[in-house]
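In what follows, a structure is listed as structure tokens, so that the remarks can point back to it.
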Amino acid sequence: MYAGHRPLTLDVQSESCPMAVVKTKGAIDDPAPGEVLKVVAIDLRSMSDIDGWASETNGVELLAQEEGDGIYTHYVRKTD
């Protein structure tokens with residue numbers, strides 16, 4: 001899914017809504033196009049917040065979201 005590249009990681013586990021999206025928006029500028037940003041959160045609302053943000057934002061693609069043991073992981077690819 002990630003073309004052999006290890007995704008950059010953004011840990012927002014200490015943040016609550018809407019900071020997961022705010023910090024993801026700021027961090028997505030750092031990777032080169034094609035790279036993946038792994039966002040790790042503990043706020044359930046991050047699932048819908050990051051999905052909504054990615055679907056309405058040019059230059060990003062939400063690849064996957066995972067949930068396990070109260071941890072919500074999002075994989076966002078920078079497309080341009």
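As shown in the structure tokens, the chain order sets the letters A, B, ...; within each chain, residues go from 1, and ligands are also counted from 1 in the order they appear.
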When DSSP is applied to the backbone of this structure, which of chain A are assigned strand (DSSP E or B)? Write them out as a ChimeraX atom specification.
/A:8-11,36-41,60-68,71-78
For Thr9 (chain A): contacts at 8 Å, only C-alpha atoms, fewer than 6 positions along chain excluded, given as a list in words
Leu37, Lys38, Val39 and Val40 of chain A
Among region 16-54 of chain A, which residues carry a DSSP assignment of alpha helix (DSSP H), reported as an MDAnalysis selection string?
chainID A and resid 19:27 45:54
Any chance you could export the current selection's N, CA and C atoms as a CSV table (one decimal), in the first residue's frame?
```csv
chain,number,residue,atom,x,y,z
A,19,MET,N,-7.9,19.1,16.9
A,19,MET,CA,-6.5,19.2,16.7
A,19,MET,C,-5.8,18.1,15.9
A,20,ALA,N,-6.4,16.9,15.8
A,20,ALA,CA,-5.8,15.9,14.9
A,20,ALA,C,-5.8,16.4,13.5
A,21,VAL,N,-6.9,17.0,13.0
A,21,VAL,CA,-7.0,17.6,11.7
A,21,VAL,C,-6.1,18.8,11.5
A,22,VAL,N,-6.1,19.7,12.5
A,22,VAL,CA,-5.3,20.9,12.4
A,22,VAL,C,-3.8,20.5,12.3
A,23,LYS,N,-3.4,19.6,13.1
A,23,LYS,CA,-1.9,19.2,13.0
A,23,LYS,C,-1.6,18.4,11.8
A,24,THR,N,-2.6,17.6,11.3
A,24,THR,CA,-2.4,16.9,10.0
A,24,THR,C,-2.3,17.8,8.9
A,25,LYS,N,-3.1,18.8,8.8
A,25,LYS,CA,-3.0,19.9,7.8
A,25,LYS,C,-1.6,20.5,7.8
A,26,GLY,N,-1.1,20.8,8.9
A,26,GLY,CA,0.2,21.4,9.0
A,26,GLY,C,1.3,20.5,8.6
A,27,ALA,N,1.2,19.2,9.0
A,27,ALA,CA,2.3,18.2,8.7
A,27,ALA,C,2.3,17.7,7.3
A,45,ARG,N,-13.3,10.8,17.1
A,45,ARG,CA,-13.8,11.7,16.1
A,45,ARG,C,-12.8,12.0,15.0
A,46,SER,N,-11.5,11.6,15.3
A,46,SER,CA,-10.5,11.8,14.2
A,46,SER,C,-10.9,10.9,13.0
A,47,MET,N,-11.6,9.8,13.2
A,47,MET,CA,-11.9,9.0,12.1
A,47,MET,C,-12.8,9.7,11.0
A,48,SER,N,-13.8,10.4,11.5
A,48,SER,CA,-14.7,11.2,10.6
A,48,SER,C,-14.0,12.5,10.2
A,49,ASP,N,-13.3,13.1,11.1
A,49,ASP,CA,-12.7,14.4,10.9
A,49,ASP,C,-11.6,14.3,9.8
A,50,ILE,N,-10.7,13.4,9.9
A,50,ILE,CA,-9.7,13.2,8.9
A,50,ILE,C,-10.2,12.7,7.6
A,51,ASP,N,-11.2,11.9,7.6
A,51,ASP,CA,-11.8,11.4,6.4
A,51,ASP,C,-12.5,12.6,5.6
A,52,GLY,N,-13.2,13.4,6.3
A,52,GLY,CA,-13.9,14.5,5.7
A,52,GLY,C,-12.9,15.6,5.2
A,53,TRP,N,-11.9,15.8,6.0
A,53,TRP,CA,-10.8,16.8,5.5
A,53,TRP,C,-10.2,16.3,4.3
A,54,ALA,N,-9.8,15.0,4.2
A,54,ALA,CA,-9.1,14.5,3.1
A,54,ALA,C,-9.9,14.4,1.8
```
When you look at Val76 (chain A) with a cut-off of 6 Å (counting only C-alpha atoms), what residues show up, excluding the ones that are within fewer than 2 positions of it in the same chain? I need them as a ChimeraX atom specification.
/A:36-37,61-63
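Separating CA of Asp11 (chain A) from CA of Asp80 (chain A) is a distance of 22.8 Å.
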